[in-house]
Every structure is written in C-alpha cells, then in structure tokens.
$ cat entry-v4.cif   # mmCIF, C-alpha atoms
data_run
loop_
_atom_site.label_atom_id
_atom_site.label_comp_id
_atom_site.auth_asym_id
_atom_site.auth_seq_id
_atom_site.Cartn_x
_atom_site.Cartn_y
_atom_site.Cartn_z
CA GLU F 1 68.18 140.31 110.09
CA ALA F 2 64.73 140.20 111.73
CA ASP F 3 64.06 143.76 110.53
CA ALA F 4 65.00 142.80 106.96
CA ARG F 5 62.66 139.83 107.13
CA GLN F 6 59.79 142.02 108.37
CA ARG F 7 60.37 144.48 105.52
CA GLY F 8 60.63 141.66 102.98
CA ASP F 9 64.17 142.70 102.04
CA GLY F 10 65.58 139.30 101.03
CA GLY F 11 68.92 140.72 99.95
CA MET F 12 69.57 142.39 103.30
CA GLU F 13 68.40 139.29 105.17
CA ILE F 14 70.83 137.10 103.20
CA GLU F 15 73.72 139.49 103.77
CA SER F 16 73.05 139.55 107.51
CA ILE F 17 72.83 135.73 107.75
CA VAL F 18 76.03 135.17 105.77
CA ARG F 19 77.91 137.71 107.87
CA ARG F 20 76.83 136.01 111.12
CA ALA F 21 77.49 132.52 109.76
CA SER F 22 81.08 133.44 108.89
CA ILE F 23 81.76 133.94 112.61
CA TYR F 24 80.84 130.32 113.30
CA GLY F 25 82.28 128.72 110.19
CA LEU F 26 85.99 129.35 110.81
CA PRO F 27 88.17 127.86 113.59
CA SER F 28 87.93 130.21 116.56
CA ASP F 29 86.46 130.34 120.04
CA GLU F 30 83.09 130.89 118.36
CA HIS F 31 83.39 127.96 115.94
CA ASP F 32 80.14 126.01 115.58
CA SER F 33 79.85 124.14 112.29
CA THR F 34 76.26 123.04 112.89
CA LYS F 35 75.12 126.61 113.47
CA ALA F 36 77.09 128.00 110.51
CA LEU F 37 75.73 125.41 108.09
CA SER F 38 72.16 125.79 109.31
CA MET F 39 72.33 129.55 108.78
CA LEU F 40 73.93 129.33 105.33
CA TYR F 41 71.49 126.74 104.02
CA SER F 42 68.63 128.94 105.28
CA ALA F 43 70.13 131.89 103.42
CA LEU F 44 70.56 129.76 100.29
CA GLU F 45 66.89 128.84 100.39
CA VAL F 46 65.93 132.51 100.52
CA ALA F 47 68.31 133.37 97.64
CA GLU F 48 66.88 130.60 95.50
CA GLN F 49 63.31 131.71 96.25
CA ILE F 50 63.99 135.26 95.07
CA GLY F 51 66.15 134.07 92.13
CA ASP F 52 69.23 136.04 93.18
CA GLN F 53 72.14 134.23 91.46
CA ALA F 54 74.75 136.63 92.80
CA ALA F 55 73.61 135.94 96.36
CA GLN F 56 73.52 132.20 95.67
CA ALA F 57 77.11 132.36 94.40
CA SER F 58 78.21 134.21 97.52
CA ILE F 59 76.48 131.70 99.82
CA HIS F 60 77.92 128.68 98.00
CA TRP F 61 81.34 130.36 98.33
CA SER F 62 80.82 130.73 102.11
CA LEU F 63 79.81 127.08 102.28
CA ILE F 64 83.25 126.04 100.98
CA ILE F 65 84.82 127.11 104.26
CA SER F 66 82.00 126.01 106.53
CA GLU F 67 81.80 122.53 105.02
CA LYS F 68 85.59 122.21 105.00
CA PHE F 69 85.86 122.91 108.71
CA ALA F 70 82.85 120.66 109.36
CA GLY F 71 84.93 117.85 107.85
CA ASN F 72 82.95 117.41 104.64
CA ALA F 73 85.27 117.72 101.65
CA PRO F 74 82.88 116.44 98.97
CA ALA F 75 80.28 119.03 99.96
CA ALA F 76 82.92 121.80 100.03
CA GLN F 77 83.94 120.87 96.49
CA VAL F 78 80.34 120.80 95.23
CA HIS F 79 79.61 124.22 96.71
CA GLY F 80 82.84 125.69 95.35
CA GLU F 81 82.26 124.51 91.82
CA GLN F 82 78.60 125.61 91.94
CA ALA F 83 79.65 129.02 93.27
CA LEU F 84 82.08 129.39 90.37
CA LYS F 85 79.39 128.61 87.78
CA LEU F 86 77.00 131.13 89.31
CA ALA F 87 79.68 133.83 89.54
CA GLN F 88 80.49 133.23 85.87
CA ASN F 89 76.78 133.52 85.01
CA VAL F 90 76.53 136.96 86.63
CA GLY F 91 79.93 138.08 85.31
CA ASP F 92 81.44 138.88 88.71
CA ASP F 93 85.21 138.63 88.13
CA GLU F 94 86.11 139.51 91.71
CA LEU F 95 83.86 136.83 93.20
CA MET F 96 85.17 134.33 90.65
CA ALA F 97 88.72 135.08 91.74
CA TYR F 98 87.89 134.63 95.42
CA ILE F 99 86.14 131.33 94.70
CA LEU F 100 89.02 130.03 92.57
CA ASN F 101 91.45 130.95 95.32
CA ASP F 102 89.48 129.09 97.98
CA LEU F 103 88.84 126.09 95.75
CA SER F 104 92.59 125.70 95.35
CA ILE F 105 93.65 125.97 98.98
CA HIS F 106 90.57 124.84 100.90
CA VAL F 107 89.34 122.05 98.62
CA TYR F 108 91.86 120.74 96.09
CA LEU F 109 94.82 120.85 98.49
CA ASP F 110 92.91 118.91 101.14
CA LEU F 111 91.74 116.39 98.53
CA GLY F 112 95.23 115.84 97.11
CA ARG F 113 94.19 117.22 93.71
CA HIS F 114 97.28 119.33 93.26
CA ARG F 115 97.15 119.82 89.49
CA GLU F 116 93.60 121.18 89.73
CA GLY F 117 94.70 123.33 92.64
CA LEU F 118 97.53 124.81 90.58
CA ALA F 119 95.20 125.59 87.66
CA SER F 120 92.70 127.20 90.05
CA SER F 121 95.34 129.41 91.72
CA LEU F 122 96.74 130.53 88.36
CA ALA F 123 93.26 131.34 87.04
CA ALA F 124 92.59 133.39 90.18
CA GLY F 125 95.92 135.19 89.69
CA THR F 126 94.98 136.16 86.15
CA LEU F 127 91.79 137.77 87.44
CA TRP F 128 93.58 139.56 90.30
CA ARG F 129 96.04 141.07 87.80
CA LYS F 130 93.08 142.29 85.73
CA LEU F 131 91.45 143.75 88.85
CA ASN F 132 94.81 145.17 90.10
CA ASN F 133 94.34 143.61 93.52
CA GLN F 134 97.94 143.17 94.64
CA ALA F 135 97.21 141.58 98.02
CA MET F 136 95.08 138.84 96.52
CA LEU F 137 97.45 138.41 93.57
CA ALA F 138 100.19 137.62 96.08
CA ASP F 139 97.84 135.22 97.85
CA SER F 140 97.09 133.31 94.64
CA LEU F 141 100.75 133.25 93.60
CA SER F 142 101.62 131.71 96.97
CA GLY F 143 98.90 129.11 96.44
CA ALA F 144 100.32 128.34 92.99
CA ALA F 145 103.83 128.07 94.47
CA ASN F 146 102.64 125.52 97.03
CA MET F 147 100.87 123.41 94.42
CA ALA F 148 103.87 123.57 92.09
CA TYR F 149 106.13 122.43 94.93
CA LEU F 150 103.94 119.38 95.56
CA LEU F 151 103.92 118.62 91.83
CA GLY F 152 107.74 118.69 91.85
CA LYS F 153 107.92 121.88 89.78
CA TYR F 154 110.59 123.50 91.93
CA GLU F 155 111.66 126.21 89.46
CA GLU F 156 108.11 127.48 88.93
CA SER F 157 107.34 127.18 92.64
CA THR F 158 110.35 129.33 93.52
CA ALA F 159 109.52 131.98 90.93
CA TRP F 160 105.90 132.34 92.06
CA ALA F 161 106.83 132.34 95.76
CA LEU F 162 109.43 135.08 95.26
CA GLU F 163 106.99 137.20 93.22
CA ALA F 164 104.40 136.80 95.98
CA ARG F 165 106.99 137.75 98.60
CA THR F 166 108.07 140.85 96.66
CA ILE F 167 104.48 142.05 96.27
CA SER F 168 103.74 141.37 99.95
CA GLU F 169 106.80 143.33 101.04
CA GLU F 170 105.84 146.24 98.77
CA ILE F 171 102.35 146.45 100.27
CA ASP F 172 103.61 145.64 103.80
CA SER F 173 101.47 142.50 104.15
CA LEU F 174 102.96 140.32 106.88
CA TRP F 175 100.34 137.65 106.18
CA GLY F 176 101.40 137.57 102.53
CA GLN F 177 105.08 137.43 103.45
CA SER F 178 104.42 134.43 105.69
CA TRP F 179 102.18 132.65 103.15
CA SER F 180 104.76 133.13 100.38
CA ARG F 181 107.22 131.10 102.49
CA TRP F 182 104.80 128.19 103.16
CA SER F 183 106.70 125.68 100.99
CA MET F 184 109.93 127.54 100.26
CA GLY F 185 111.72 126.30 103.37
CA ASP F 186 110.95 122.67 102.59
CA LEU F 187 112.00 123.17 98.97
CA LEU F 188 115.30 124.77 100.01
CA ALA F 189 115.97 122.00 102.53
CA ASP F 190 115.37 119.39 99.85
CA GLN F 191 117.95 121.14 97.67
CA GLY F 192 120.49 121.03 100.52
CA MET F 193 120.32 124.76 101.24
CA ILE F 194 119.85 124.17 104.95
CA ALA F 195 120.79 127.60 106.34
CA ASP F 196 118.42 129.36 103.94
CA ALA F 197 115.69 126.82 104.70
CA VAL F 198 115.92 127.38 108.47
CA VAL F 199 115.74 131.17 107.99
CA ASP F 200 112.71 130.85 105.68
CA MET F 201 110.81 128.44 107.94
CA ASN F 202 111.38 130.60 111.02
CA ALA F 203 110.28 133.70 109.10
CA CYS F 204 107.15 131.90 107.87
CA ILE F 205 106.21 131.04 111.46
CA ASP F 206 107.22 134.36 113.07
CA LEU F 207 105.46 136.56 110.49
CA GLY F 208 102.35 134.41 110.72
CA GLU F 209 102.24 134.59 114.51
CA ARG F 210 102.41 138.39 114.38
CA VAL F 211 99.19 138.65 112.37
CA GLY F 212 97.21 135.66 113.66
CA PHE F 213 98.05 133.36 110.74
CA ARG F 214 98.13 130.20 112.83
CA THR F 215 98.68 127.34 110.38
CA PRO F 216 102.41 127.99 109.63
CA MET F 217 103.20 126.82 113.18
CA ILE F 218 101.93 123.40 112.07
CA ASN F 219 103.16 123.08 108.49
CA ALA F 220 106.41 125.05 108.73
CA GLY F 221 106.85 123.83 112.30
CA VAL F 222 106.84 120.17 111.23
CA ASN F 223 109.07 121.00 108.26
CA LEU F 224 111.54 122.74 110.57
CA ALA F 225 111.44 119.78 112.95
CA HIS F 226 112.14 117.53 109.96
CA VAL F 227 115.24 119.59 109.11
CA TYR F 228 116.54 119.22 112.66
CA LEU F 229 115.88 115.47 112.49
CA PHE F 230 117.78 115.27 109.20
CA LEU F 231 120.71 117.08 110.83
CA GLY F 232 120.73 114.87 113.94
CA HIS F 233 119.49 117.64 116.26
CA LEU F 234 116.83 115.48 117.91
CA ASP F 235 116.01 117.68 120.92
CA GLU F 236 115.30 120.68 118.70
CA ALA F 237 113.24 118.47 116.38
CA PHE F 238 111.17 117.31 119.35
CA ALA F 239 110.62 120.88 120.58
CA TRP F 240 109.28 122.03 117.21
CA GLY F 241 107.18 118.89 116.84
CA GLN F 242 105.55 119.61 120.21
CA LYS F 243 104.80 123.21 119.21
CA ALA F 244 103.17 122.01 116.00
CA LEU F 245 101.13 119.41 117.90
CA LEU F 246 99.88 121.95 120.43
CA ARG F 247 98.68 124.26 117.65
CA ALA F 248 97.01 121.41 115.77
CA GLU F 249 95.18 120.23 118.86
CA GLU F 250 94.11 123.79 119.72
CA ASP F 251 92.89 124.94 116.32
CA PHE F 252 93.25 122.39 113.51
CA PRO F 253 92.60 118.83 114.74
CA PHE F 254 92.32 117.56 111.17
CA TRP F 255 96.10 118.13 110.81
CA ARG F 256 96.93 116.40 114.08
CA ARG F 257 97.48 113.01 112.44
CA GLY F 258 100.49 114.17 110.44
CA VAL F 259 102.13 115.86 113.42
CA VAL F 260 101.72 112.84 115.71
CA ALA F 261 103.14 110.67 112.93
CA PHE F 262 106.22 112.87 112.71
CA LEU F 263 106.73 112.51 116.46
CA ALA F 264 106.48 108.73 116.04
CA ARG F 265 109.23 108.88 113.41
CA LEU F 266 111.32 110.98 115.75
CA ALA F 267 110.84 108.41 118.52
CA VAL F 268 112.27 105.75 116.18
CA HIS F 269 115.36 107.87 115.62
CA ARG F 270 115.68 108.37 119.38
CA GLY F 271 115.65 104.58 119.80
CA ASP F 272 112.35 104.56 121.68
CA LEU F 273 110.23 102.01 119.82
CA PRO F 274 107.61 101.63 122.60
CA GLU F 275 106.93 105.38 122.41
CA ALA F 276 106.83 105.23 118.61
CA ARG F 277 104.23 102.46 118.75
CA ARG F 278 102.21 104.37 121.34
CA LEU F 279 102.15 107.40 119.09
CA LEU F 280 101.08 105.31 116.10
CA GLU F 281 98.13 104.01 118.12
CA ASN F 282 97.29 107.60 119.08
CA MET F 283 97.70 108.90 115.53
CA ALA F 284 94.19 108.47 114.16
CA GLY F 285 92.37 110.65 116.67
CA GLY F 286 91.01 114.04 115.66
CA THR F 287 91.00 113.74 111.88
CA GLY F 288 88.17 114.62 109.54
CA THR F 289 87.46 112.79 106.31
CA PHE F 290 88.12 115.94 104.28
CA ALA F 291 91.77 116.00 105.35
CA SER F 292 92.55 112.36 104.59
CA GLU F 293 94.24 113.25 101.28
CA PHE F 294 96.05 116.32 102.63
CA TYR F 295 99.75 115.73 102.06
CA LEU F 296 100.84 116.14 105.70
CA ASN F 297 98.29 113.48 106.66
CA GLN F 298 99.73 111.12 104.03
CA PHE F 299 103.51 111.61 104.00
CA GLN F 300 104.18 111.48 107.71
CA PRO F 301 101.79 108.64 108.74
CA CYS F 302 102.94 106.26 105.99
CA LEU F 303 106.61 107.02 106.65
CA ALA F 304 106.03 106.58 110.40
CA VAL F 305 104.37 103.18 110.00
CA ALA F 306 107.14 102.07 107.63
CA GLU F 307 110.00 103.26 109.84
CA VAL F 308 108.54 101.67 112.98
CA ALA F 309 108.01 98.42 111.06
CA LEU F 310 111.54 98.44 109.66
CA ALA F 311 113.00 99.11 113.08
CA SER F 312 111.02 96.11 114.35
CA GLY F 313 112.02 93.86 111.46
CA GLU F 314 108.44 93.74 110.17
CA LEU F 315 109.30 93.98 106.48
CA VAL F 316 105.90 93.08 105.02
CA GLU F 317 104.18 95.77 107.09
CA ALA F 318 106.80 98.34 106.10
CA SER F 319 106.47 97.57 102.41
CA ALA F 320 102.66 97.77 102.59
CA ALA F 321 102.78 101.24 104.20
CA LEU F 322 105.22 102.44 101.55
CA ASP F 323 103.02 101.02 98.79
CA ASP F 324 100.16 103.07 100.24
CA LEU F 325 102.29 106.21 100.20
CA LEU F 326 103.52 105.65 96.66
CA GLY F 327 99.92 105.03 95.59
CA TYR F 328 98.88 108.36 97.10
CA MET F 329 101.77 110.10 95.37
CA GLU F 330 100.81 108.55 92.04
CA ARG F 331 97.15 109.61 92.20
CA SER F 332 97.94 113.08 93.56
CA GLU F 333 101.00 113.56 91.30
CA THR F 334 103.08 114.41 94.37
CA HIS F 335 106.87 114.27 94.02
CA PRO F 336 108.53 115.58 97.22
CA TYR F 337 109.23 112.69 99.60
CA ARG F 338 108.80 110.14 96.82
CA PRO F 339 112.57 109.46 96.98
CA ASP F 340 112.16 108.84 100.73
CA ALA F 341 109.51 106.18 100.16
CA LEU F 342 111.45 104.50 97.37
CA THR F 343 114.64 104.49 99.45
CA LEU F 344 112.85 102.85 102.37
CA GLN F 345 111.50 100.21 99.98
CA GLY F 346 115.12 99.61 98.97
CA ARG F 347 116.13 99.32 102.61
CA ALA F 348 113.37 96.77 103.23
CA SER F 349 114.59 94.69 100.28
CA LEU F 350 118.17 94.89 101.57
CA MET F 351 117.03 93.66 104.98
CA ALA F 352 115.22 90.80 103.23
CA GLY F 353 118.44 89.89 101.41
CA ASP F 354 117.04 90.68 97.96
CA TRP F 355 119.93 92.77 96.57
CA ASP F 356 118.56 92.95 93.03
CA LYS F 357 115.17 94.25 94.17
CA ALA F 358 116.88 96.70 96.51
CA ARG F 359 118.97 98.06 93.67
CA GLU F 360 115.83 98.41 91.51
CA TRP F 361 114.06 100.46 94.20
CA LEU F 362 117.13 102.59 94.83
CA MET F 363 117.65 103.32 91.15
CA GLN F 364 114.06 104.61 91.02
CA ALA F 365 114.77 106.71 94.11
CA ARG F 366 117.92 108.08 92.51
CA ALA F 367 116.06 109.09 89.34
CA GLU F 368 113.38 110.87 91.39
CA ALA F 369 115.92 112.65 93.59
CA GLU F 370 117.99 113.78 90.62
CA SER F 371 114.87 115.01 88.82
CA LEU F 372 113.86 117.09 91.84
CA GLY F 373 117.40 118.20 92.68
CA SER F 374 116.96 116.60 96.12
CA LYS F 375 120.44 116.65 97.63
CA ARG F 376 118.78 115.92 100.98
CA MET F 377 118.03 112.37 99.79
CA LEU F 378 120.47 111.79 96.95
CA TRP F 379 123.55 111.25 99.12
CA ARG F 380 121.66 108.65 101.19
CA ILE F 381 120.50 106.88 98.04
CA LEU F 382 124.01 106.79 96.58
CA ALA F 383 125.37 105.40 99.86
CA ALA F 384 122.71 102.69 99.86
CA LEU F 385 123.49 101.83 96.23
CA ALA F 386 127.15 101.56 97.18
CA GLU F 387 126.15 99.04 99.81
CA CYS F 388 124.33 97.03 97.12
CA GLU F 389 127.39 97.12 94.86
CA ASP F 390 129.59 95.96 97.73
CA LEU F 391 127.29 93.01 98.30
CA ALA F 392 127.45 92.22 94.61
CA GLY F 393 131.26 92.34 94.68
CA ASN F 394 131.48 95.52 92.58
CA SER F 395 133.93 97.44 94.76
CA THR F 396 134.98 99.91 92.04
CA GLU F 397 131.37 101.01 91.43
CA ALA F 398 130.74 101.16 95.18
CA HIS F 399 133.75 103.43 95.64
CA ALA F 400 132.56 105.75 92.84
CA LEU F 401 129.07 105.98 94.38
CA ARG F 402 130.52 106.87 97.79
CA ASP F 403 132.65 109.56 96.18
CA GLN F 404 129.49 111.11 94.74
CA ALA F 405 127.73 110.84 98.09
CA ARG F 406 130.69 112.51 99.84
CA GLU F 407 130.58 115.41 97.40
CA ILE F 408 126.89 116.04 98.14
CA VAL F 409 127.44 115.76 101.89
CA GLY F 410 130.19 118.36 101.56
CA PHE F 411 127.75 120.69 99.78
CA ILE F 412 125.11 120.25 102.48
CA ALA F 413 127.66 120.79 105.27
CA ALA F 414 128.87 123.97 103.57
CA HIS F 415 125.27 125.25 103.46
CA CYS F 416 124.40 124.36 107.08
CA PRO F 417 124.17 126.93 109.84
CA ASP F 418 127.38 126.87 111.85
CA ASP F 419 125.64 125.55 114.97
CA LEU F 420 124.10 122.61 113.08
CA ARG F 421 127.01 121.48 110.91
CA GLU F 422 128.75 119.46 113.62
CA SER F 423 125.68 117.35 114.45
CA PHE F 424 125.13 116.60 110.76
CA LEU F 425 128.74 115.47 110.20
CA ALA F 426 128.54 113.33 113.35
CA LEU F 427 125.62 111.26 112.02
CA PRO F 428 126.73 107.61 111.70
CA GLU F 429 125.65 107.39 108.05
CA VAL F 430 127.65 110.53 107.24
CA ALA F 431 130.69 109.47 109.26
CA SER F 432 130.64 106.10 107.51
CA LEU F 433 131.48 107.89 104.28
CA ALA F 434 134.84 108.75 105.90
CA LEU F 435 134.91 112.42 105.08
#
$ encode --input "entry-v4.cif" --output "structure tokens"
Amino acid sequence: EADARQRGDGGMEIESIVRRASIYGLPSDEHDSTKALSMLYSALEVAEQIGDQAAQASIHWSLIISEKFAGNAPAAQVHGEQALKLAQNVGDDELMAYILNDLSIHVYLDLGRHREGLASSLAAGTLWRKLNNQAMLADSLSGAANMAYLLGKYEESTAWALEARTISEEIDSLWGQSWSRWSMGDLLADQGMIADAVVDMNACIDLGERVGFRTPMINAGVNLAHVYLFLGHLDEAFAWGQKALLRAEEDFPFWRRGVVAFLARLAVHRGDLPEARRLLENMAGGTGTFASEFYLNQFQPCLAVAEVALASGELVEASAALDDLLGYMERSETHPYRPDALTLQGRASLMAGDWDKAREWLMQARAEAESLGSKRMLWRILAALAECEDLAGNSTEAHALRDQAREIVGFIAAHCPDDLRESFLALPEVASLAL
C-alpha cells in the first residue's frame, strides 16, 4: 500500500486498502468497524480524485458490509444503491450481480423491505445465469426463497430453495446447501410437515457449522426451538434457544434481541413468569439500529411481550404489542406469524369477554392461515373459534369446527417424528379436542 502510494499507483493503493479493510469489516476476532470504515472512506477519496468509477463502485460495495456491521443501515443502503449505479455505468455485470445480492440480504432483509429484497435477488440471479456462475446463482436463489417465504409466497419459495439446493449439491457447496435450507424448515413446520422440518433445520445448522457459516445456528436454531415448543418438548426448546443465544452473543449481537425474546416466550410456557419478565427487561441489550426491522427482531419480541402480558392478565399491554407486530407485518408485507398475532388478539378479546371482537380477530387469523396453508396455526384457530361459538350458544357450529381442528391435528401427528408425537398429543389444547 505504501509502495503503491510512493509510485503514484492509485489503483493498486485502492485495491490494497479495500483488501485490508475487508478483514476488519466482517464479524471475526479482527472485527473493528471504525478501522474498516476509516480505510474504505480513505480509499473512496482516492478513487474519486482519480475518477475511477469502477473502483468507486467496488468501494461502495464493500461499504455495504462494513456499515451494516457497524450498525448503520441507512448508510449501507445508500452505499449499495450508489455502487449499483456506478457498476451499471461501467457495464460490469459481475459486480452488479454481487451488489444486488448483498443489497438483498445485507440491506433490504435487515430493513424489512422484503419485496425489494426479492426483486434484488431475482435480478442478481438473472445476471448469474448469464455469467454461468452456478455457486452465486444458488446463493441468489436462496436469497429469493427467503424473501418469498417472508412475503407468504410458499410455492415460489420452495421452488427456488430446491433449485438452489440441487445446484449446491451438484457443485458440492456445503455453504450453498445450508443457505438453501435457511427458511425451508420454518416453511415446512408451518405446513405441518414436522418431521421434514426438523431434518431440514438440523441439516441447515450442521452443514453451516462444517464450513464456518455461523448464522444458521441463530436463525434455524430459534426456528428449531420453536418447533419443539409447538410440540410441547420444552427442555429441547430451551437447549436450542441457549445455543442460538450463545452464537448471537459471540458473533451477531444485533440478533440477540430476537433470541432472548424467544426464551422469554418459552419461560411463559414453562410457567415461570418472573423469569419471562427478567428476560424481557434484558431483551434490548446488544441491538443495532440497522437490525430493528429484521424479522427475528420483530416477531419474537412482540409475541413475547404479548404472551407475558396475557399470562399476567394485562390485556391492554398485550393488544398494544400485537398492534405493533401487525403494523410491522403490514409495512414489510410479512405473512408468516401473522396468524399467530391475530390469534393472540382474539385470545385477548376472549379474556376481556368481548366474544364478537374475538370472533372477528379469529376469522382474520383463519383467512391468513388458510391462505398460507399454515396447519401449525389453523387447528388452534379453529379450536378458539369453537370456543366462541360455544359461548354464543352455537353448539352445532362449535362441534363442526372442532372436527376440522381434529383432522388437522391428526395430519400433524402423522407427520411428526416418532419421538415427538407423544408430547404433541399430550398438550392440553390437543387433548381437549378428545382425539
């Protein structure tokens, strides 16, 4: 770098600075956001002085990651979109594809802008096909699958994830095989395919661990813990939640909030409200502003606050938290877990004695669950609606709703791993359906 500066070789100087800055910009033992940003902005100044647009595009691209992990989402977005314009100006398709890929996963996902993220991943995929880069095509397809999942487009999400998995297996990319499973387990669990979901989530984590892909332990780890919670296997849920928390605290503190929130929800289900409240108080630590709209940091905290409030009889507080979650889902166009929020709103109305309002919330939840194909939630919603019909004196309708709920429970039980089926069928809300 010093030699390049002495010789007046701006291009070599920039390349050297960017290469060194990348060491400090990513989470690792060497991570130092201040140093990475200082180096990259120095390189950008040199690139602008010599009028090198290609170098400017490359530096702005590097600044996406460095600003993201410095906790500055707006700056990451500005640099990403500026990098894309410059790459288009110089006609560099490969750089454009890389930038589009990172804009999707490192900017739009964190900002809850899932539709823009999907468009960005698909645009990157088109360029990777043109360039015949199979590894990066699989990467972009996995990104598209994740965005489609969050947008409630389960059929498209599945198709893109399976294409990414096939490509990754053909080129023997363990990273790609893990990334292609990022959302598939949660999608399968929502559809009631529990055994397949558990296999996919474990594979996502195990494959990632083998190649140093460390985030699946958080995302898939919490999702797997959520499956065990759903099935009534609380000790296993706690174990996976702790693993996810340890990884978040070690490497990705901006995701810690969502993991702690899940553990608070688990404490409610274990009947330990003091611990749940303690975890809620501890939840805010370690987050960066850039991750505030990331779905894990929205779903779990709002559901945790609502479930603790409901368990404490604090109905106004519960409803307010659920309003916040539904507002996030509306602005981000997120559909998974929307039935959960609507169902809890129904439960709050039932506890308040407002049967008509409860039925209204639950009918919305039913429509959302049926649209998604969410068997995970639909049986609970139908059971809650049956309770409303009972209270209204409509025993025939209540009986029909419970019949439908029993049928879905039977499907889920048939698609559970053998060692988890018994705990699911023993859940009080399942047993109350008198299978």
$ residues_around --input "entry-v4.cif" --residues "Arg181 of chain F" --least-positions-apart "5" --cutoff "8 Å" --atoms "all atoms listed in the file" --output "MDAnalysis selection string"
chainID F and resid 142 161 165 200:201 203:204
$ resolve_selection --input "entry-v4.cif" --expression "the PyMOL selection byres ((chain F and resi 280) around 9)" --output "PyMOL selection string"
chain F and resi 260-261+264+275-279+281-284+301+304-305+308
$ resolve_selection --input "entry-v4.cif" --expression "the PyMOL selection byres ((chain F and resi 324) around 12)" --output "list of chain:residue names"
F:Glu293, F:Gln298, F:Phe299, F:Gln300, F:Pro301, F:Cys302, F:Leu303, F:Val305, F:Ala306, F:Glu317, F:Ala318, F:Ser319, F:Ala320, F:Ala321, F:Leu322, F:Asp323, F:Leu325, F:Leu326, F:Gly327, F:Tyr328, F:Met329, F:Glu330, F:Arg331, F:Arg338, F:Ala341, F:Leu342, F:Gln345
$ closest_residue --input "entry-v4.cif" --among "F:Ala225, F:Ala348, F:Ala73, F:Ala21" --to "Val107 of chain F" --atoms "all atoms listed in the file"
F:Ala73
$ closest_residue --input "entry-v4.cif" --among "F:Leu63, F:Met136, F:Leu315, F:Val211" --to "Ala97 of chain F" --atoms "only C-alpha atoms"
F:Met136
$ resolve_selection --input "entry-v4.cif" --expression "the PyMOL selection byres ((chain F and resi 398-404) around 6)" --output "PyMOL selection string"
chain F and resi 382-383+386+389-390+395-397+405-407
$ residues_around --input "entry-v4.cif" --residues "Glu368 of chain F" --least-positions-apart "5" --cutoff "12 Å" --atoms "only C-alpha atoms" --output "list in words"
Gly152, Thr334, His335, Pro336, Tyr337, Arg338, Pro339, Asp340, Ala341, Leu342, Thr343, Trp361, Leu362, Met363, Gly373, Ser374, Lys375, Met377, Leu378 and Ile381 of chain F
$ closest_residue --input "entry-v4.cif" --among "F:Ser66, F:Gln56, F:Gln134, F:Asn223" --to "Thr34 of chain F" --atoms "only C-alpha atoms"
F:Ser66
$ residues_around --input "entry-v4.cif" --residues "Lys68 of chain F" --least-positions-apart "4" --cutoff "9 Å" --atoms "only C-alpha atoms" --output "ChimeraX atom specification"
/F:25,63-64,72-77,106-107,110,290-291
$ atom_distance --input "entry-v4.cif" --atom1 "atom CA of Tyr24 of chain F" --atom2 "atom CA of Ala36 of chain F"
5.2 Å
$ atom_distance --input "entry-v4.cif" --atom1 "atom CA of Glu15 of chain F" --atom2 "atom CA of Asn132 of chain F"
25.8 Å
$ closest_residue --input "entry-v4.cif" --among "F:Leu151, F:Ala47, F:Ile65, F:Leu188" --to "Ser22 of chain F" --atoms "all atoms listed in the file"
F:Ile65
$ atom_distance --input "entry-v4.cif" --atom1 "atom CA of Ala164 of chain F" --atom2 "atom CA of Leu141 of chain F"
5.6 Å
$ closest_residue --input "entry-v4.cif" --among "F:Gly176, F:Pro274, F:Pro253, F:Gly112" --to "Phe294 of chain F" --atoms "all atoms listed in the file"
F:Gly112
